[in-house]
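Undergrad: Got model.cif for you, mmCIF, C-alpha atoms:
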data_coords
loop_
_atom_site.label_atom_id
_atom_site.label_comp_id
_atom_site.auth_asym_id
_atom_site.auth_seq_id
_atom_site.Cartn_x
_atom_site.Cartn_y
_atom_site.Cartn_z
CA MET A 1 24.51 13.05 3.31
CA PHE A 2 24.12 10.97 0.15
CA TRP A 3 24.00 7.67 2.05
CA ASN A 4 21.47 8.99 4.56
CA VAL A 5 19.22 10.19 1.74
CA LEU A 6 19.60 6.82 0.00
CA MET A 7 18.79 4.92 3.21
CA VAL A 8 15.62 6.92 3.79
CA GLY A 9 14.69 6.50 0.13
CA VAL A 10 15.08 2.72 0.30
CA THR A 11 12.98 2.65 3.48
CA VAL A 12 10.22 4.71 1.88
CA GLY A 13 10.46 2.50 -1.21
CA ALA A 14 9.92 -0.63 0.90
CA ILE A 15 6.87 1.00 2.49
CA TYR A 16 5.52 1.97 -0.94
CA THR A 17 5.99 -1.65 -2.00
CA LEU A 18 3.74 -2.82 0.84
CA VAL A 19 1.05 -0.35 -0.20
CA THR A 20 1.44 -1.28 -3.89
CA ILE A 21 1.28 -5.10 -3.63
CA GLY A 22 -2.45 -5.34 -2.89
CA TYR A 23 -3.39 -2.74 -5.50
CA SER A 24 -1.22 -4.35 -8.16
CA MET A 25 -2.56 -7.86 -7.55
CA VAL A 26 -6.20 -6.71 -7.64
CA TYR A 27 -5.64 -4.85 -10.91
CA GLY A 28 -3.66 -7.70 -12.40
CA MET A 29 -6.40 -10.16 -11.46
CA LEU A 30 -9.59 -8.18 -12.23
CA ARG A 31 -8.38 -5.20 -14.29
CA LEU A 32 -10.10 -3.02 -11.69
CA MET A 33 -8.63 0.28 -10.52
CA ASN A 34 -9.35 0.01 -6.80
CA PHE A 35 -9.66 3.69 -5.89
CA ALA A 36 -10.68 2.72 -2.35
CA HIS A 37 -7.29 1.10 -1.63
CA GLY A 38 -5.69 4.22 -0.19
CA ASP A 39 -8.74 5.11 1.91
CA VAL A 40 -8.82 1.59 3.34
CA TYR A 41 -5.19 1.68 4.43
CA ILE A 42 -5.50 5.20 5.89
CA PHE A 43 -8.59 4.07 7.84
CA GLY A 44 -6.56 1.27 9.40
CA THR A 45 -3.65 3.61 10.11
CA LEU A 46 -5.96 6.12 11.81
CA LEU A 47 -7.42 3.27 13.86
CA ALA A 48 -3.88 2.35 14.93
CA TYR A 49 -3.36 6.00 15.92
CA THR A 50 -6.45 5.87 18.15
CA LEU A 51 -5.42 2.58 19.75
CA LEU A 52 -1.92 3.89 20.47
CA VAL A 53 -2.83 7.39 21.68
CA SER A 54 -6.28 7.09 23.27
CA GLN A 55 -6.45 3.44 24.31
CA ASP A 56 -2.80 2.90 25.32
CA PHE A 57 -2.49 -0.33 23.35
CA SER A 58 0.95 -1.83 22.89
CA PRO A 59 2.38 -1.20 19.39
CA VAL A 60 2.20 -4.90 18.47
CA TRP A 61 -1.47 -5.24 19.34
CA ALA A 62 -2.33 -1.89 17.77
CA ILE A 63 -0.69 -2.92 14.49
CA LEU A 64 -2.32 -6.37 14.47
CA ILE A 65 -5.81 -5.04 15.23
CA ALA A 66 -5.54 -2.16 12.78
CA ALA A 67 -4.13 -4.37 10.00
CA GLY A 68 -6.90 -6.93 10.57
CA ALA A 69 -9.54 -4.18 10.50
CA GLY A 70 -8.10 -2.80 7.27
CA GLY A 71 -8.15 -6.26 5.70
CA LEU A 72 -11.75 -6.86 6.77
CA LEU A 73 -12.82 -3.46 5.43
CA ALA A 74 -11.16 -4.19 2.08
CA SER A 75 -12.93 -7.57 1.89
CA LEU A 76 -16.24 -5.93 2.81
CA VAL A 77 -15.83 -3.36 0.04
CA GLU A 78 -15.15 -6.16 -2.43
CA LEU A 79 -18.20 -8.10 -1.27
CA ILE A 80 -20.64 -5.17 -1.30
CA ALA A 81 -19.40 -2.83 -4.00
CA TYR A 82 -17.34 -4.86 -6.47
CA ARG A 83 -18.43 -8.51 -6.64
CA ARG A 84 -21.75 -8.10 -8.43
CA LEU A 85 -20.19 -5.80 -11.02
CA ARG A 86 -17.29 -8.10 -11.79
CA SER A 87 -18.93 -9.41 -14.96
CA ALA A 88 -20.11 -5.98 -16.15
CA GLN A 89 -19.42 -5.39 -19.81
CA HIS A 90 -18.18 -1.84 -19.32
CA ARG A 91 -15.20 -1.29 -17.02
CA MET A 92 -16.35 2.27 -16.32
CA ILE A 93 -19.16 0.93 -14.12
CA SER A 94 -16.69 -0.76 -11.76
CA MET A 95 -14.49 2.35 -11.72
CA ILE A 96 -17.42 4.56 -10.73
CA THR A 97 -18.35 2.12 -7.97
CA ALA A 98 -14.75 2.11 -6.76
CA LEU A 99 -14.76 5.90 -6.59
CA GLY A 100 -18.03 5.81 -4.66
CA ALA A 101 -16.63 3.29 -2.16
CA ALA A 102 -13.53 5.47 -1.74
CA TYR A 103 -15.57 8.57 -0.93
CA VAL A 104 -17.80 6.68 1.53
CA ILE A 105 -14.78 5.40 3.49
CA GLN A 106 -13.08 8.79 3.26
CA ASN A 107 -16.12 10.65 4.62
CA LEU A 108 -16.63 8.15 7.43
CA SER A 109 -12.97 8.54 8.42
CA GLU A 110 -13.29 12.32 8.28
CA LEU A 111 -16.32 12.25 10.57
CA ARG A 112 -14.31 10.27 13.13
CA TRP A 113 -10.84 11.78 12.88
CA GLY A 114 -11.23 15.03 10.92
CA GLY A 115 -9.07 16.23 8.07
CA GLN A 116 -6.22 17.80 10.03
CA VAL A 117 -2.69 16.44 10.36
CA LEU A 118 -2.38 14.34 13.54
CA PRO A 119 0.87 13.66 15.43
CA PHE A 120 1.50 9.93 15.02
CA PRO A 121 3.56 8.51 17.91
CA SER A 122 6.99 7.06 17.30
CA LEU A 123 7.06 3.31 17.80
CA PHE A 124 10.83 3.05 18.12
CA PRO A 125 13.44 4.80 20.31
CA ALA A 126 15.10 7.87 18.81
CA GLN A 127 18.57 6.37 18.45
CA GLN A 128 21.29 6.49 15.82
CA PHE A 129 23.50 3.65 14.65
CA SER A 130 26.72 3.80 12.69
CA ILE A 131 26.80 1.49 9.65
CA LEU A 132 29.98 1.62 7.55
CA GLY A 133 30.73 4.99 9.06
CA HIS A 134 27.30 6.47 8.27
CA ALA A 135 24.71 7.41 10.90
CA VAL A 136 21.41 5.56 10.44
CA SER A 137 18.23 6.20 12.42
CA LEU A 138 16.91 3.22 14.38
CA THR A 139 13.40 4.08 13.17
CA HIS A 140 14.40 3.84 9.51
CA LEU A 141 16.45 0.70 10.11
CA VAL A 142 13.67 -1.17 11.94
CA THR A 143 11.05 0.11 9.48
CA LEU A 144 13.10 -1.20 6.56
CA CYS A 145 13.62 -4.59 8.24
CA ILE A 146 9.90 -4.97 9.01
CA ALA A 147 8.85 -3.94 5.50
CA VAL A 148 11.33 -6.29 3.81
CA GLY A 149 10.39 -9.12 6.19
CA VAL A 150 6.67 -8.73 5.38
CA ILE A 151 7.41 -8.64 1.64
CA VAL A 152 9.53 -11.80 1.83
CA ALA A 153 6.89 -13.58 3.95
CA PHE A 154 4.17 -12.65 1.45
CA ASN A 155 6.31 -13.88 -1.43
CA LEU A 156 6.88 -17.22 0.34
CA PHE A 157 3.13 -17.45 1.02
CA LEU A 158 2.36 -17.05 -2.68
CA LYS A 159 4.92 -19.62 -3.79
CA HIS A 160 4.52 -22.34 -1.15
CA HIS A 161 1.05 -22.08 0.45
CA LYS A 162 -1.98 -23.70 -1.17
CA MET A 163 -3.99 -20.48 -1.07
CA GLY A 164 -1.04 -18.49 -2.37
CA LYS A 165 -0.77 -20.81 -5.37
CA ALA A 166 -4.52 -20.42 -5.91
CA ILE A 167 -4.08 -16.63 -5.97
CA LEU A 168 -1.38 -16.94 -8.62
CA CYS A 169 -3.60 -19.23 -10.71
CA VAL A 170 -6.57 -16.86 -10.52
CA SER A 171 -4.36 -13.91 -11.46
CA GLU A 172 -3.25 -15.81 -14.56
CA ASP A 173 -6.70 -16.83 -15.82
CA ILE A 174 -9.94 -16.68 -13.80
CA THR A 175 -11.90 -18.95 -16.15
CA THR A 176 -9.28 -21.69 -16.22
CA ALA A 177 -8.78 -21.44 -12.45
CA SER A 178 -12.53 -21.88 -11.95
CA LEU A 179 -12.53 -24.99 -14.14
CA MET A 180 -9.71 -26.38 -12.00
CA GLY A 181 -11.93 -26.14 -8.92
CA ILE A 182 -10.40 -23.03 -7.33
CA PRO A 183 -13.03 -21.02 -5.39
CA ILE A 184 -12.84 -17.70 -7.27
CA ASN A 185 -14.89 -15.50 -4.91
CA ARG A 186 -13.08 -16.67 -1.79
CA THR A 187 -9.68 -16.29 -3.45
CA ILE A 188 -10.42 -12.74 -4.61
CA SER A 189 -11.71 -11.82 -1.14
CA ILE A 190 -8.45 -13.10 0.37
CA VAL A 191 -6.47 -10.96 -2.10
CA TYR A 192 -8.43 -7.89 -1.00
CA PHE A 193 -7.94 -8.83 2.65
CA LEU A 194 -4.18 -9.29 2.27
CA GLY A 195 -3.93 -6.08 0.26
CA GLY A 196 -5.68 -4.18 3.06
CA VAL A 197 -3.43 -5.76 5.72
CA LEU A 198 -0.22 -4.93 3.85
CA GLY A 199 -1.44 -1.42 3.09
CA VAL A 200 -2.19 -0.69 6.76
CA ILE A 201 1.21 -2.01 7.84
CA GLY A 202 2.82 0.24 5.24
CA GLY A 203 0.74 3.21 6.39
CA ILE A 204 1.70 2.69 10.03
CA LEU A 205 5.39 2.39 9.19
CA TYR A 206 5.25 5.52 7.02
CA SER A 207 3.38 7.52 9.68
CA THR A 208 5.72 6.52 12.50
CA SER A 209 8.73 7.40 10.32
CA TYR A 210 7.45 10.96 9.80
CA ASN A 211 5.43 11.23 13.04
CA ALA A 212 2.37 12.48 11.18
CA ILE A 213 -0.83 11.19 9.62
CA SER A 214 -3.68 12.86 7.78
CA LEU A 215 -6.72 11.82 5.79
CA GLY A 216 -5.18 13.22 2.61
CA MET A 217 -2.52 10.52 2.69
CA GLY A 218 -5.16 8.04 1.54
CA PHE A 219 -5.64 9.51 -1.94
CA ARG A 220 -1.90 9.97 -2.34
CA GLY A 221 -1.42 6.34 -1.35
CA THR A 222 -3.75 5.24 -4.15
CA ILE A 223 -1.84 7.35 -6.67
CA ILE A 224 1.50 6.01 -5.40
CA ALA A 225 0.25 2.42 -5.66
CA PHE A 226 -1.02 2.98 -9.19
CA THR A 227 2.19 4.69 -10.29
CA ALA A 228 4.46 2.06 -8.77
CA SER A 229 2.34 -0.71 -10.32
CA VAL A 230 2.62 0.83 -13.77
CA ILE A 231 6.36 1.42 -13.44
CA GLY A 232 7.12 -2.10 -12.25
CA GLY A 233 4.48 -4.00 -14.19
CA ILE A 234 0.92 -4.46 -13.01
CA GLY A 235 0.19 -7.78 -11.32
CA SER A 236 3.83 -8.58 -10.60
CA LEU A 237 5.12 -8.83 -7.03
CA GLY A 238 8.66 -8.17 -8.19
CA GLY A 239 7.38 -5.29 -10.29
CA ALA A 240 5.63 -3.78 -7.27
CA MET A 241 8.94 -3.87 -5.39
CA ILE A 242 10.85 -2.30 -8.29
CA GLY A 243 8.22 0.40 -8.79
CA GLY A 244 8.01 1.15 -5.07
CA MET A 245 11.78 1.42 -4.75
CA ILE A 246 12.10 3.68 -7.79
CA LEU A 247 9.42 6.00 -6.42
CA GLY A 248 10.75 6.04 -2.86
CA ILE A 249 14.37 6.71 -3.81
CA SER A 250 13.61 9.26 -6.55
CA GLU A 251 11.14 11.14 -4.34
CA ASN A 252 13.62 11.38 -1.51
CA PHE A 253 16.49 12.58 -3.70
CA VAL A 254 14.27 15.16 -5.40
CA GLY A 255 12.93 16.37 -2.04
CA VAL A 256 16.43 16.81 -0.59
CA TYR A 257 18.50 17.97 -3.56
CA VAL A 258 15.87 19.88 -5.56
CA SER A 259 12.77 20.86 -3.57
CA SER A 260 9.96 19.05 -1.81
CA ALA A 261 7.55 21.15 -3.90
CA PHE A 262 8.78 19.37 -7.05
CA ARG A 263 8.62 15.87 -5.57
CA ASP A 264 5.24 14.85 -6.96
CA PRO A 265 5.55 16.59 -10.37
CA ILE A 266 8.91 14.92 -11.05
CA THR A 267 7.50 11.57 -9.90
CA PHE A 268 4.68 11.78 -12.43
CA LEU A 269 7.04 13.04 -15.11
CA LEU A 270 9.02 9.86 -14.46
CA LEU A 271 5.80 7.85 -14.88
CA ILE A 272 5.06 9.54 -18.22
CA LEU A 273 8.58 8.87 -19.50
CA ILE A 274 8.44 5.19 -18.50
CA LEU A 275 5.05 4.78 -20.18
CA LEU A 276 6.36 6.40 -23.35
CA VAL A 277 9.34 4.03 -23.35
CA LYS A 278 7.13 0.97 -22.73
CA ILE A 279 4.67 1.92 -25.48
CA GLY A 280 7.45 2.85 -27.86
#
Give the structure from this file in structure tokens form.
TA:
Amino acid sequence: MFWNVLMVGVTVGAIYTLVTIGYSMVYGMLRLMNFAHGDVYIFGTLLAYTLLVSQDFSPVWAILIAAGAGGLLASLVELIAYRRLRSAQHRMISMITALGAAYVIQNLSELRWGGQVLPFPSLFPAQQFSILGHAVSLTHLVTLCIAVGVIVAFNLFLKHHKMGKAILCVSEDITTASLMGIPINRTISIVYFLGGVLGVIGGILYSTSYNAISLGMGFRGTIIAFTASVIGGIGSLGGAMIGGMILGISENFVGVYVSSAFRDPITFLLLILILLVKIG
């Protein structure tokens, strides 16, 4: 029982890491709380649901199209709603705009898909494997492998690709990066795009693991991303992974051994305690 709960917790933690990376990098770069992040990734996940259920797309194509659409939507939000306010003196202006963008995307998604819970199809066969004498679901195993693979690929992109290095430079100091000739607007748009892509992939993996999706998962995704970023250290890829893993594992253990009703309160209590320790 313990190992099964731990396995599911690690899988959920890897998914949370995917959702957190884009949010954490945007906040670390611009100090902007991107409230639209969760609504962007849930839009892409709902699009994947439509492609899989109504259009009979193969899972690979559905994921690629939905992830690309989520990335484009995130970039569009940055271009229309955030870019002109980037130099605003008061951060509250950008936060209000972010909330407005979130509600626009949320309402558009609700008009198309409604607010009810939808049965998300399983992308993997319902099989069990025995690892070290413990039964592991194929869905959780494949989900974990995909999530970890995407995280590793993104990390390699940041460290070895020219654009990845530009992203790291801009996240360190926008003014200095601009003086070095790095195109700031294009780099920030790419960060938003990649954040949307990773978020949609995480949303699809989460939904297929639990065979359910709803519009309300968008707001919770934003809160999860913010919490994991704070726990692990905002702007840090490694911190996003640590924060996502802590949240995923703790949530799963609380849900199984305590009660699912206390999952979110205990998660935020954990956030408060970590903040108190950091400040202290």
Undergrad: Check the smallest atom-to-atom distance from each of A:Val148, A:Val136, A:Phe226, A:Ala126 to A:Met25 using all atoms listed in the file, then report the winner.
TA: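 Selected residue with least distance to A:Met25: A:Phe226.
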Undergrad: For the PyMOL selection byres ((chain A and resi 35) around 6), applied here, can you spell out every residue it catches as a list in words?
TA: Met33, Asn34, Ala36, His37, Ala98, Leu99 and Ala102 of chain A
Undergrad: Work out how far apart atom CA of A:Leu276 and atom CA of A:Gly38 are and give it in Å to one decimal.
TA: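 The value is 26.2 Å.
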Undergrad: Calculated over only C-alpha atoms, which of the candidates A:Val26, A:Val53, A:Trp61, A:Phe120 has the smallest distance to A:Arg86?
TA: A:Val26
Undergrad: Mind telling me what the PyMOL selection byres ((chain A and resi 186-188) around 12) catches here, as a PyMOL selection string?
TA: chain A and resi 22+25-30+74-79+82-83+86+162-171+174+177-178+181-185+189-195
Undergrad: Around the point (20.9, 9.4, -1.9) in the file's coordinates, collect all residues with an atom within 6 Å, using only C-alpha atoms, and return them as an NGL selection string.
TA: :A and (2-3 or 5-6 or 253)
Undergrad: Give me the residues near A:Tyr49 as a PyMOL selection string, where near means some atom within 12 Å (using only C-alpha atoms) and where sequence neighbours in that chain fewer than 6 positions away do not count.
TA: chain A and resi 42-43+55-59+61-63+65-67+113+117-123+200+203-205+207-208+211-214
Undergrad: Just give me the gap between atom CA of A:Phe219 and atom CA of A:Phe268 in Å, one decimal is fine.
TA: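 These atoms are spaced 14.9 Å apart.
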Undergrad: Please compute the atom CA of A:Thr45-atom CA of A:Val142 distance, one decimal, in Å.
TA: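 Value for the atom CA of A:Thr45-atom CA of A:Val142 distance: 18.1 Å.
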Undergrad: Nearest residue to A:Leu198 out of A:Val10, A:Ile96, A:Ile151, A:Ile231, using all atoms listed in the file?
TA: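 Smallest distance to A:Leu198 is found for A:Ile151.
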Undergrad: Residues near A:Gly244, anyone? I mean within 12 Å using all atoms listed in the file, not counting same-chain ones fewer than 4 positions away, as a PyMOL selection string.
TA: chain A and resi 9-21+24+147+151+202+221+223-233+236-240+248-251+267
Undergrad: Nearest to A:Ile93 among A:Val60, A:Ala81, A:Leu270, A:Ala69, with distances taken over all atoms listed in the file: which residue is it?
TA: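 Counting all atoms listed in the file, the residue closest to A:Ile93 is A:Ala81.
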